[in-house]
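Read the structure below first, then the notes.
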Amino acid sequence: MTLSRLPLLRLLVALLLSVLSCTVVLAQAGTANGSDAEAHQRWLTTAERAEQMIDSEDVSNASLETMRSNLVRYRETFVSTRDRNSSRIKTLQSQLEALGPEPEEGSEEPQDIAEMRAQLNTQLDRLRVPRVVAEEAYTRADGLIAEIDRILRDRQTARLLTRGPSPLLPEHWAAAFSDLRRYVTAISNELHGSWHSSMVRQEFQNRLPFIVFLVLVGAVLLARGRVWAKRFGNYMRSYGGRNTGVWSFVVSVARILLPLLGVIIIVRALLYGGLFGFRGEMLLEQIPIWGGIFLLFRWLSDKIFTQHNDNMLLPVNPEQYTQTRFLVDLLAGTLILAGMVQLLSRAENISAASFAVLIFPVVVLASLILLRLHRLSAYVPSARDESDDGDRELGKLSRLMRRTVFVLALVAPVLAMAGYVQAAIALIFPVMLTLTLIGTMVVVHGFLVDVYAWLSRRGEAVRDGLASILFAIALILASLPILALIWGARLSDLTELWTKFITGFQVGDIHISPTSFLVFVLIFVVGYVLTQLTKSGLRSALLPRTRLDSGAQNAVVAGTGYIGVFLAALAAITMAGLDLSSLAIVAGALSVGVGFGLQTIVSNFVSGIILLVERPISKGDWIEVGGLMGYVRDISVRSTRIESFDRFDVIVPNSDLISGTVTNYTRGNTIGRAIVTVEVAYGSDTRKVEAILNDIANNHPMVLANPAPYALFKGIGSNAYEFEIRAILRDVNWILNVKSDMYHEIVERFAEAGIETPRPQRDLWLRNAGEFDMARAGPPQVQAEGPRTAADVPEQGGDRP
């Protein structure tokens with residue numbers, strides 16, 4: 001029963017009765033001690049304040065971000081409230097369905113059933129009300145969040161497209177340098193004032209021993225960190241992985257982290273001293289970030305531009321590696337300078353003109369460095385062979401990337417000169433960070449491939465294998481969020497996308513989400529593994545101890561596998577919360593497709609089930625079907641694999657085995673009859689031949705004594721007397737060996753007894769034989785010719801083909 005089918009009066013009464021009980025789930029975390037009405041009112045107040053902020057144009061971005069965070073927390077609460085009573089609602093609906101449909105108008109049902117139905121409907125209404133309220137609140141919160149995101153994006157776009165003062169105008173230069181000098185002076189004054197404060201100085205002196213200790217620790221890490229990292233790598237190489245590049249990567253990362261840790265410790269020590277004011281603390285807090293940027297760029301330049309690295313994305317002449325590394329270090333410096341200007345803008349709230357003047361040299365310097373790198377990367381190594389499709393595509397990507405960098409490096413200074421400083425910043429610095437991200441992904445990909453090659457012991461073959469491609473795909477997917485942040489996306493945008501992804505979507509009455517999908521995959525994998533373990537146990541431990549033959553054992557194992565996979569899929573669907581009844585339409589559509597396009601596959605599938613159940617043939621049987629003879633090696637749902645006597649595998653559709661004529665030579669047992677045909681020359685003693693054949697058949701070890709073998713005189717042929725041995729073999733699979741043994745024995749015994757095998761002859765009569773003789777004898781001679789008789793014709797003959 002759905003909400004739309006409830007009577008309106010019942011719904012209104014239920015809303016009035018349960019409004020106080022459902023508002024408790026609408027409160028935020030930490031409001032459990034407050035009343036339900038206050039919590040609900042708090043949400044309504046927050047929503048109204050958010051709507052007022054959206055309608056106002058003077059609200060700052062920071063205020064909007066704060067309000068958005070509050071709305072996100074409310075929305076998460078509404079989601080948990082909406083799904084809290086789902087199980088109980090399903091139970092009540094099942095109980096109502098068990099009572100049967102409601103009586104039609106004019107008819108009555110028993111009083112106890114009517115009372116039970118009314119009680120269940122009342123409980124169902126009370127449980128549905130919190131869901132309805134939470135759904136409405138969730139929709140409202142989601143809409144407000146979307147509106148705030150739209151406002152922030154519009155403001156960001158307007159800021160990029162707004163034209164400000166040009167940094168080339170000399171009238172702005174004095175103010176810019178004055179703001180810079182004022183900032184430096186302010187930091188100096190703060191430090192001077194703190195030092196001359198007796199309280200601050202006393203506190204600093206009390207903390208001085210610990211500050212000195214921290215500074216010494218940081219200085220040691222800065223001075224000895226790289227040496228310790230190298231020693232650590234040499235020590236780890238003793239455990240394996242030499243010449244793989246794994247420990248070289250680890251050492252290079254340690255050479256970054258240890259000095260960076262030293263910088264962080266020194267900065268923490270200076271902040272702990274308490275001598276710096278607001279501006280000084282802001283500056284100190286940025287120093288670890290700037291140090292990390294510099295160390296990261298230095299690390300990339302050392303990893304990429306080396307004599308042993310063949311970098312396709314940015315090919316550079318090895319003779320210019322030193323210059324290239326220096327330019328990369330300068331790029332890090334430009335990012336640090338840009339961060340200093342941004343810090344100055346936040347600390348002093350300088351004018352747009354001063355900001356444009358101070359940031360313009362940094363933009364120009366960054367553009368010049370990128371242009372120089374583009375010129376250096378125009379070098380293409382002659383030794384590179386781009387005949388491979390992968391190298392060719394990678395070369396195209398490299399050229400496209402270099403051209404894009406070249407264009408943006410030219411456009412950014414022009415935009416800054418025209419007054420579009422924010423647009424220039426949004427172009428030039430994201431380009432630098434994107435190149436940094438790509439370089440980092442390339443280096444990390446090489447490290448992952450080296451680790452896999454070391455662990456799998458496959459060496460360089462891994463670089464062209466599937467693992468390398470999978471690592472590349474994983475790194476690309478992992479870098480997409482970082483790339484979005486670099487190019488202006490807000491962190492809240494990414495979290496919103498993640499929330500939408502986790503929430504899932506609705507398909508009819510089925511709610512599909514990543515959580516349900518993961519549950520489905522997990523349950524199915526567990527069921528599949530248990531099925532395989534069960535099949536293995538049956539095949540190796542249980543079934544060999546029974547009296548079932550190999551064919552029956554194979555049928556039991558295969559049937560267990562099919563049933564296990566079906567049950568695993570059914571359990572996975574149920575545990576994932578998917579309603580199978582909602583798939584009826586899909587199943588109907590699939591049945592039409594099965595009827596028209598998949599009938600052959602379905603026929604083979606059903607035939608496979610019949611083969612496994614009735615077992616007219618089993619694994620290991622010797623069969624003949626459609627002129628093909630061989631052993632059954634495997635019976636699957638769709639087809640059967642037969643191994644011919646030539647050791648070829650032949651795949652036969654199961655429908656052919658069910659609908660066609662099949663000869664099974666070993667069905668039930670391996671006993672079978674062998675027939676050996678023998679011919680002897682005319683005039684042979686037939687009784688003696690028959691006795692020899694009977695003796696040969698009775699003495700062969702593969703011939704059964706009961707029923708006893710016998711020899712038959714079949715008849716008189718056109719060229720010989722015809723005999724036949726008929727014998728029942730213990731194992732018909734040895735029929736060819738038995739025939740071979742008998743023929744050997746027959747030849748030996750016939751030779752001893754003087755019995756000849758027939759040599760069929762054929763008389764050949766030639767017409768005009770006289771002309772043939774004359775041509776062979778030479779010129780004709782006059783002689784008397786008498787009558788020609790048959791004796792004058794030479795007799796020719798040969799074996800019958």
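In the structure tokens, the first chain shown is A, the next is B, and so on; residue numbers restart at 1 for each chain, and ligands run from 1 in the order shown.
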For range 352-359 of chain A: contacts at 7 Å, only C-alpha atoms, fewer than 6 positions along chain excluded, given as a count of residues only
11
Can you tell me, as a VMD selection string, what residues are no more than 12 Å from range 621-633 of chain A when counting only C-alpha atoms, ignoring any on the same chain fewer than 3 positions away?
chain A and resid 549 to 552 554 615 to 618 636 639 to 672 731 to 734
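Our summary of the geometry notes that CA of Thr185 in chain A is positioned 24.1 Å from CA of Glu203 in chain A.
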Which of range 633-749 of chain A counts as strand (DSSP E) under DSSP, as a PyMOL selection string please?
chain A and resi 633-635+639-644+649-653+662-664+672-680+710-716+721-729
Might you pull out every residue within 12 Å of Asp55 in chain A, with only C-alpha atoms counted and same-chain residues fewer than 4 positions away left off, and present them as a count of residues only?
10
Please indicate the distance in Å from CA of Asp154 in chain A to CA of Leu335 in chain A, rounded to one decimal place.
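Interatomic distance, CA of Asp154 in chain A to CA of Leu335 in chain A: 26.4 Å.
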With only C-alpha atoms as the counted atoms, please give the residues lying no more than 8 Å from Ala576 in chain A, apart from itself and same-chain residues fewer than 6 positions off, as a VMD selection string.
chain A and resid 516 to 517 519 to 520
I need the chosen residues saved as an mmCIF file, in the first residue's frame, with all heavy atoms.
data_model
loop_
_atom_site.group_PDB
_atom_site.id
_atom_site.type_symbol
_atom_site.label_atom_id
_atom_site.label_comp_id
_atom_site.auth_asym_id
_atom_site.auth_seq_id
_atom_site.Cartn_x
_atom_site.Cartn_y
_atom_site.Cartn_z
ATOM 1 N N SER A 516 24.671 -0.470 -2.060
ATOM 2 C CA SER A 516 23.948 -1.687 -2.404
ATOM 3 C C SER A 516 24.706 -2.506 -3.444
ATOM 4 O O SER A 516 24.708 -3.740 -3.400
ATOM 5 C CB SER A 516 22.552 -1.337 -2.927
ATOM 6 O OG SER A 516 22.638 -0.511 -4.072
ATOM 7 N N PHE A 517 25.380 -1.814 -4.377
ATOM 8 C CA PHE A 517 26.156 -2.533 -5.380
ATOM 9 C C PHE A 517 27.320 -3.284 -4.734
ATOM 10 O O PHE A 517 27.589 -4.440 -5.075
ATOM 11 C CB PHE A 517 26.669 -1.552 -6.430
ATOM 12 C CG PHE A 517 27.553 -2.177 -7.464
ATOM 13 C CD1 PHE A 517 27.011 -2.957 -8.476
ATOM 14 C CD2 PHE A 517 28.930 -2.007 -7.419
ATOM 15 C CE1 PHE A 517 27.827 -3.555 -9.425
ATOM 16 C CE2 PHE A 517 29.752 -2.584 -8.368
ATOM 17 C CZ PHE A 517 29.194 -3.360 -9.372
ATOM 18 N N VAL A 519 27.483 -4.284 -1.645
ATOM 19 C CA VAL A 519 26.914 -5.404 -0.881
ATOM 20 C C VAL A 519 26.591 -6.562 -1.810
ATOM 21 O O VAL A 519 26.871 -7.736 -1.506
ATOM 22 C CB VAL A 519 25.657 -4.940 -0.120
ATOM 23 C CG1 VAL A 519 24.918 -6.126 0.488
ATOM 24 C CG2 VAL A 519 26.042 -3.957 0.981
ATOM 25 N N PHE A 520 26.015 -6.240 -2.968
ATOM 26 C CA PHE A 520 25.697 -7.285 -3.941
ATOM 27 C C PHE A 520 26.957 -8.028 -4.380
ATOM 28 O O PHE A 520 26.993 -9.259 -4.401
ATOM 29 C CB PHE A 520 24.998 -6.654 -5.151
ATOM 30 C CG PHE A 520 24.770 -7.608 -6.281
ATOM 31 C CD1 PHE A 520 23.658 -8.440 -6.278
ATOM 32 C CD2 PHE A 520 25.651 -7.678 -7.347
ATOM 33 C CE1 PHE A 520 23.445 -9.339 -7.315
ATOM 34 C CE2 PHE A 520 25.453 -8.567 -8.384
ATOM 35 C CZ PHE A 520 24.336 -9.394 -8.369
#
Write down as a ChimeraX atom specification the residues belonging to range 597-669 of chain A that are assigned helix (DSSP H, G or I) by DSSP computed on the backbone.
/A:599-614,654-659
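In this comparison, which uses only C-alpha atoms, the residue of A:Leu729, A:Ile692, A:Ile265, A:Leu216 approaching Asn706 in chain A most closely is A:Leu729.
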